[in-house]
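Enquirer: Got entry-v9.tsv for you, TSV, C-alpha atoms:
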chain	number	residue	atom	x	y	z
A	6	VAL	CA	108.93	89.55	114.91
A	7	LEU	CA	109.08	89.09	118.66
A	8	SER	CA	112.86	89.25	119.02
A	9	CYS	CA	113.19	92.77	117.63
A	10	GLY	CA	109.79	94.07	118.75
A	11	LEU	CA	110.12	92.94	122.36
A	12	THR	CA	113.73	94.02	122.84
A	13	HIS	CA	113.09	97.51	121.51
A	14	ALA	CA	109.81	97.83	123.41
A	15	ALA	CA	111.61	96.85	126.63
A	16	THR	CA	113.89	99.87	126.34
A	17	VAL	CA	111.27	102.40	125.21
A	18	SER	CA	111.70	104.49	128.39
A	19	LEU	CA	115.25	105.29	127.27
A	20	ASP	CA	113.83	106.49	123.96
A	21	VAL	CA	111.29	108.73	125.68
A	22	HIS	CA	114.09	110.50	127.53
A	23	LYS	CA	116.39	110.62	124.48
A	24	CYS	CA	113.72	112.06	122.17
A	25	ARG	CA	112.66	114.69	124.67
A	26	SER	CA	116.20	115.71	125.53
A	27	GLN	CA	117.00	116.12	121.82
A	28	ALA	CA	113.80	117.95	120.92
A	29	HIS	CA	113.62	120.11	124.06
A	30	SER	CA	117.24	120.54	125.11
A	31	LYS	CA	116.56	123.90	126.80
A	32	VAL	CA	113.89	122.53	129.16
A	33	TRP	CA	114.59	118.80	129.39
A	34	PRO	CA	117.46	117.44	131.50
A	35	GLY	CA	120.29	115.82	129.57
A	36	SER	CA	121.03	113.30	132.32
A	37	LEU	CA	119.27	109.96	131.88
A	38	VAL	CA	118.55	109.60	135.60
A	39	LYS	CA	117.14	113.13	135.88
A	40	GLY	CA	115.14	112.71	132.68
A	41	LEU	CA	113.56	109.44	133.79
A	42	GLY	CA	112.89	111.01	137.17
A	43	GLN	CA	111.12	113.92	135.52
A	44	ILE	CA	108.98	111.55	133.46
A	45	ILE	CA	107.93	109.65	136.60
A	46	ALA	CA	107.29	112.89	138.53
A	47	LYS	CA	105.09	114.44	135.82
A	48	GLU	CA	103.45	111.39	134.21
A	49	GLY	CA	103.92	108.49	136.58
A	50	ALA	CA	105.16	105.11	135.43
A	51	THR	CA	102.88	105.23	132.36
A	52	GLY	CA	105.06	108.01	130.97
A	53	LEU	CA	107.94	105.56	130.75
A	54	ARG	CA	106.09	103.56	128.12
A	55	VAL	CA	105.02	106.34	125.75
A	56	GLY	CA	105.42	104.96	122.24
A	57	VAL	CA	105.67	101.31	123.26
A	58	VAL	CA	103.01	100.13	120.78
A	59	PRO	CA	104.53	101.69	117.64
A	60	THR	CA	107.95	100.56	118.86
A	61	PHE	CA	106.80	96.96	119.25
A	62	PHE	CA	105.12	96.79	115.84
A	63	GLY	CA	107.69	98.87	113.97
A	64	TYR	CA	110.72	96.95	115.15
A	65	GLY	CA	108.81	93.69	114.91
A	66	PHE	CA	108.15	94.36	111.21
A	67	GLN	CA	111.70	95.58	110.71
A	68	GLY	CA	113.07	92.36	112.18
A	69	MET	CA	110.69	90.25	110.14
A	70	PHE	CA	111.79	91.93	106.92
A	71	LYS	CA	115.47	92.18	107.82
A	72	PHE	CA	115.90	88.54	108.81
A	73	GLY	CA	113.20	86.97	106.66
A	74	LEU	CA	114.03	88.78	103.45
A	75	ASN	CA	117.74	88.24	103.97
A	76	GLU	CA	117.07	84.53	103.51
A	77	VAL	CA	114.82	85.20	100.52
A	78	PHE	CA	117.44	87.39	98.83
A	79	GLN	CA	120.19	84.84	99.51
A	80	ASP	CA	118.09	82.12	97.86
A	81	LEU	CA	117.19	84.40	94.96
A	82	PHE	CA	120.75	85.57	94.32
A	83	ARG	CA	122.15	82.06	94.78
A	84	GLY	CA	119.76	80.89	92.06
A	85	ILE	CA	120.75	83.74	89.74
A	86	ILE	CA	124.51	83.53	90.33
A	87	GLY	CA	124.81	79.83	90.96
A	88	ALA	CA	125.89	78.41	94.30
A	89	ASP	CA	129.05	76.96	92.76
A	90	LYS	CA	130.28	80.47	91.85
A	91	ILE	CA	130.25	81.62	95.49
A	92	ASP	CA	133.36	79.62	96.20
A	93	SER	CA	135.59	81.81	98.33
A	94	LYS	CA	135.27	83.50	101.69
A	95	ALA	CA	135.44	86.95	100.06
A	96	LYS	CA	132.65	86.08	97.60
A	97	LYS	CA	130.50	84.71	100.44
A	98	ILE	CA	130.98	87.91	102.44
A	99	VAL	CA	130.02	90.09	99.45
A	100	PHE	CA	127.08	87.80	98.66
A	101	GLN	CA	125.78	87.97	102.24
A	102	ALA	CA	126.32	91.74	102.44
A	103	VAL	CA	124.35	92.36	99.24
A	104	ALA	CA	121.48	90.14	100.41
A	105	ALA	CA	121.44	91.82	103.84
A	106	GLY	CA	121.54	95.28	102.26
A	107	CYS	CA	118.60	94.50	100.01
A	108	ALA	CA	116.62	93.16	102.96
A	109	GLU	CA	117.49	96.25	105.04
A	110	ILE	CA	115.87	98.53	102.45
A	111	PHE	CA	112.54	96.78	102.91
A	112	ALA	CA	113.04	96.62	106.68
A	113	ASP	CA	113.57	100.40	106.87
A	114	VAL	CA	110.46	101.03	104.79
A	115	ALA	CA	108.45	98.76	107.11
A	116	LEU	CA	109.80	100.50	110.22
A	117	CYS	CA	109.43	104.08	109.01
A	118	PRO	CA	105.73	104.86	109.70
A	119	PHE	CA	105.93	103.31	113.15
A	120	GLU	CA	109.18	105.05	114.09
A	121	MET	CA	107.81	108.40	112.90
A	122	THR	CA	104.72	107.87	115.05
A	123	LYS	CA	106.75	106.80	118.09
A	124	VAL	CA	109.04	109.81	117.91
A	125	LYS	CA	106.13	112.21	117.41
A	126	MET	CA	104.45	110.78	120.53
A	127	GLN	CA	107.64	110.84	122.59
A	128	VAL	CA	108.68	114.43	121.89
A	129	GLN	CA	105.40	115.78	123.20
A	130	LEU	CA	105.77	117.28	126.64
A	131	PRO	CA	102.84	116.60	128.97
A	132	GLY	CA	100.83	119.68	129.87
A	133	SER	CA	102.40	121.72	127.05
A	134	PRO	CA	100.20	121.25	124.00
A	135	MET	CA	101.87	122.34	120.78
A	136	PRO	CA	100.62	122.60	117.20
A	137	GLY	CA	101.15	119.28	115.46
A	138	ASP	CA	100.79	117.16	118.59
A	139	VAL	CA	99.28	113.74	117.93
A	140	PRO	CA	97.07	111.41	119.99
A	141	MET	CA	98.94	108.95	122.19
A	142	LYS	CA	97.37	105.86	120.62
A	143	LEU	CA	98.88	104.26	117.51
A	144	LEU	CA	96.11	104.42	114.89
A	145	PRO	CA	94.72	107.85	115.85
A	146	ALA	CA	98.29	109.21	115.87
A	147	MET	CA	98.97	107.76	112.43
A	148	SER	CA	95.71	109.24	111.12
A	149	ALA	CA	96.60	112.67	112.51
A	150	MET	CA	100.05	112.51	110.96
A	151	LYS	CA	98.64	111.42	107.60
A	152	ALA	CA	96.24	114.40	107.69
A	153	ASN	CA	99.15	116.80	108.28
A	154	PRO	CA	101.25	117.20	105.09
A	155	GLU	CA	104.14	118.69	107.07
A	156	THR	CA	104.92	115.26	108.55
A	157	ARG	CA	105.34	113.67	105.10
A	158	PHE	CA	103.82	110.57	106.70
A	159	PRO	CA	104.28	107.63	106.24
A	160	PHE	CA	107.76	107.73	104.72
A	161	GLY	CA	109.01	111.24	105.50
A	162	SER	CA	111.84	110.02	107.68
A	163	LEU	CA	113.37	107.67	105.11
A	164	LYS	CA	115.55	110.40	103.63
A	165	PRO	CA	117.30	111.25	106.94
A	166	LEU	CA	117.46	107.54	107.79
A	167	TRP	CA	119.40	106.78	104.63
Would you mind writing the file out in structure tokens?
Expert:
Amino acid sequence: VLSCGLTHAATVSLDVHKCRSQAHSKVWPGSLVKGLGQIIAKEGATGLRVGVVPTFFGYGFQGMFKFGLNEVFQDLFRGIIGADKIDSKAKKIVFQAVAAGCAEIFADVALCPFEMTKVKMQVQLPGSPMPGDVPMKLLPAMSAMKANPETRFPFGSLKPLW
């Protein structure tokens, strides 16, 4: 949980810039240095951590499911197939890829509501309220997104993800 959650949370300021430059390309600088500078100028250092909580939990859950369920699926499939039948390097690679792919499905589902919330928070420009803006705290933002059918929360971003 910590390995994925902490590493992604540590780089959340890059995500703030990336999301804003993609969503507001006409008004947001494309340069990383200029974008981070604009965040600091308008929001202070706290602006660099917008979305850190959903990032930490979302990627923490994704890592837990990706790595934990990979082991579960390997054990499950090994029991179904029989360990003695996975006897070549090619079969081991296919076996591991199938187990990892199955785990990734659950990992993406676990990540989705948190990633949707993070992105929704990060694309909001300070001082420019827009319809559909959400609160900047995790649970109130999730509640606001759930109340708005246009977001298709909590799994509306699975289709583009896959």
Enquirer: Can you tell me, as a PyMOL selection string, what residues are no more than 9 Å from A:Cys117 when counting all atoms listed in the file, ignoring any on the same chain fewer than 2 positions away?
Expert: chain A and resi 63+67+112-115+119-122+158-163+166
Enquirer: Identify, on the basis of all atoms listed in the file, every residue whose closest approach to A:Gly35 does not exceed 10 Å; exclude the query and any residue fewer than 6 positions from it along the same chain; express the result as a list in words.
Expert: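 That gives His22, Lys23, Arg25, Ser26, Gln27 and His29 of chain A.
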Enquirer: Please produce a file of the residues just selected, as a PDB file, in the coordinates of the input, where the atoms kept are C-alpha atoms.
Expert:
ATOM      1  CA  HIS A  22     114.090 110.500 127.530  1.00  0.00           C
ATOM      2  CA  LYS A  23     116.390 110.620 124.480  1.00  0.00           C
ATOM      3  CA  ARG A  25     112.660 114.690 124.670  1.00  0.00           C
ATOM      4  CA  SER A  26     116.200 115.710 125.530  1.00  0.00           C
ATOM      5  CA  GLN A  27     117.000 116.120 121.820  1.00  0.00           C
ATOM      6  CA  HIS A  29     113.620 120.110 124.060  1.00  0.00           C
TER       7      HIS A  29
END
Enquirer: Need the shell around A:Gln79: protein/DNA/RNA residues with any atom at most 8 Å away, counting all atoms listed in the file. Skip same-chain ones fewer than 6 positions apart. Format as a ChimeraX atom specification?
Expert: /A:100-101,104
Enquirer: Give me the residues near stretch 142-155 of chain A as a compact mmCIF listing (two decimals) with C-alpha atoms, in the coordinates of the input, where near means some atom within 10 Å (using all atoms listed in the file) and where sequence neighbours in that chain fewer than 2 positions away do not count.
Expert:
# COMPACT_ATOMS: atom_id res chain seq x y z
CA VAL A 55 105.02 106.34 125.75
CA GLY A 56 105.42 104.96 122.24
CA VAL A 57 105.67 101.31 123.26
CA VAL A 58 103.01 100.13 120.78
CA PRO A 59 104.53 101.69 117.64
CA THR A 60 107.95 100.56 118.86
CA PHE A 62 105.12 96.79 115.84
CA PRO A 118 105.73 104.86 109.70
CA PHE A 119 105.93 103.31 113.15
CA MET A 121 107.81 108.40 112.90
CA THR A 122 104.72 107.87 115.05
CA LYS A 123 106.75 106.80 118.09
CA LYS A 125 106.13 112.21 117.41
CA MET A 126 104.45 110.78 120.53
CA GLY A 137 101.15 119.28 115.46
CA ASP A 138 100.79 117.16 118.59
CA VAL A 139 99.28 113.74 117.93
CA PRO A 140 97.07 111.41 119.99
CA ARG A 157 105.34 113.67 105.10
CA PHE A 158 103.82 110.57 106.70
CA PRO A 159 104.28 107.63 106.24
CA GLY A 161 109.01 111.24 105.50
Enquirer: Between A:Ile85, A:Lys47, A:Phe72, A:Phe61, which is the closest to A:Ala15 once you count only C-alpha atoms?
Expert: A:Phe61
Enquirer: Can you measure atom CA of A:Ser18 to atom CA of A:Leu41 for me? One decimal in Å is fine.
Expert: 7.6 Å
Enquirer: Closest to A:Met69 among A:Val6, A:Ile44, A:Ile98, A:Val128, using only C-alpha atoms?
Expert: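 Closest residue, counting only C-alpha atoms: A:Val6.
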Enquirer: Using all atoms listed in the file, which residue out of A:Ala28, A:Ala14, A:Gln129, A:Glu109 lies closest to A:Met141?
Expert: A:Gln129
Enquirer: Could you check which of A:Ile86, A:Tyr64, A:Ile91, A:Val21 is closest to A:Ile45, using all atoms listed in the file?
Expert: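 Of the candidates, the smallest distance to A:Ile45 is held by A:Val21.
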Enquirer: Using only C-alpha atoms, which residues sit within 10 Å of A:Ala102 once same-chain residues fewer than 6 positions away are excluded, as a PDB file with C-alpha atoms, in the coordinates of the input?
Expert:
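New file out.pdb:
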ATOM      1  CA  ASN A  75     117.740  88.240 103.970  1.00  0.00           C
ATOM      2  CA  GLN A  79     120.190  84.840  99.510  1.00  0.00           C
ATOM      3  CA  LYS A  96     132.650  86.080  97.600  1.00  0.00           C
ATOM      4  CA  ALA A 108     116.620  93.160 102.960  1.00  0.00           C
TER       5      ALA A 108
END
Enquirer: I'd like to know which of A:Glu76, A:Gly68, A:Lys31, A:Ala95 is closest to A:Leu116, using all atoms listed in the file.
Expert: A:Gly68
Enquirer: Can you measure atom CA of A:His13 to atom CA of A:Val77 for me? One decimal in Å is fine.
Expert: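 Result for atom CA of A:His13 versus atom CA of A:Val77: 24.4 Å, one decimal.
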Enquirer: How far is it from atom CA of A:Leu74 to atom CA of A:Leu11, in Å with one decimal?
Expert: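 If I compute the distance from atom CA of A:Leu74 to atom CA of A:Leu11, I get 19.8 Å.
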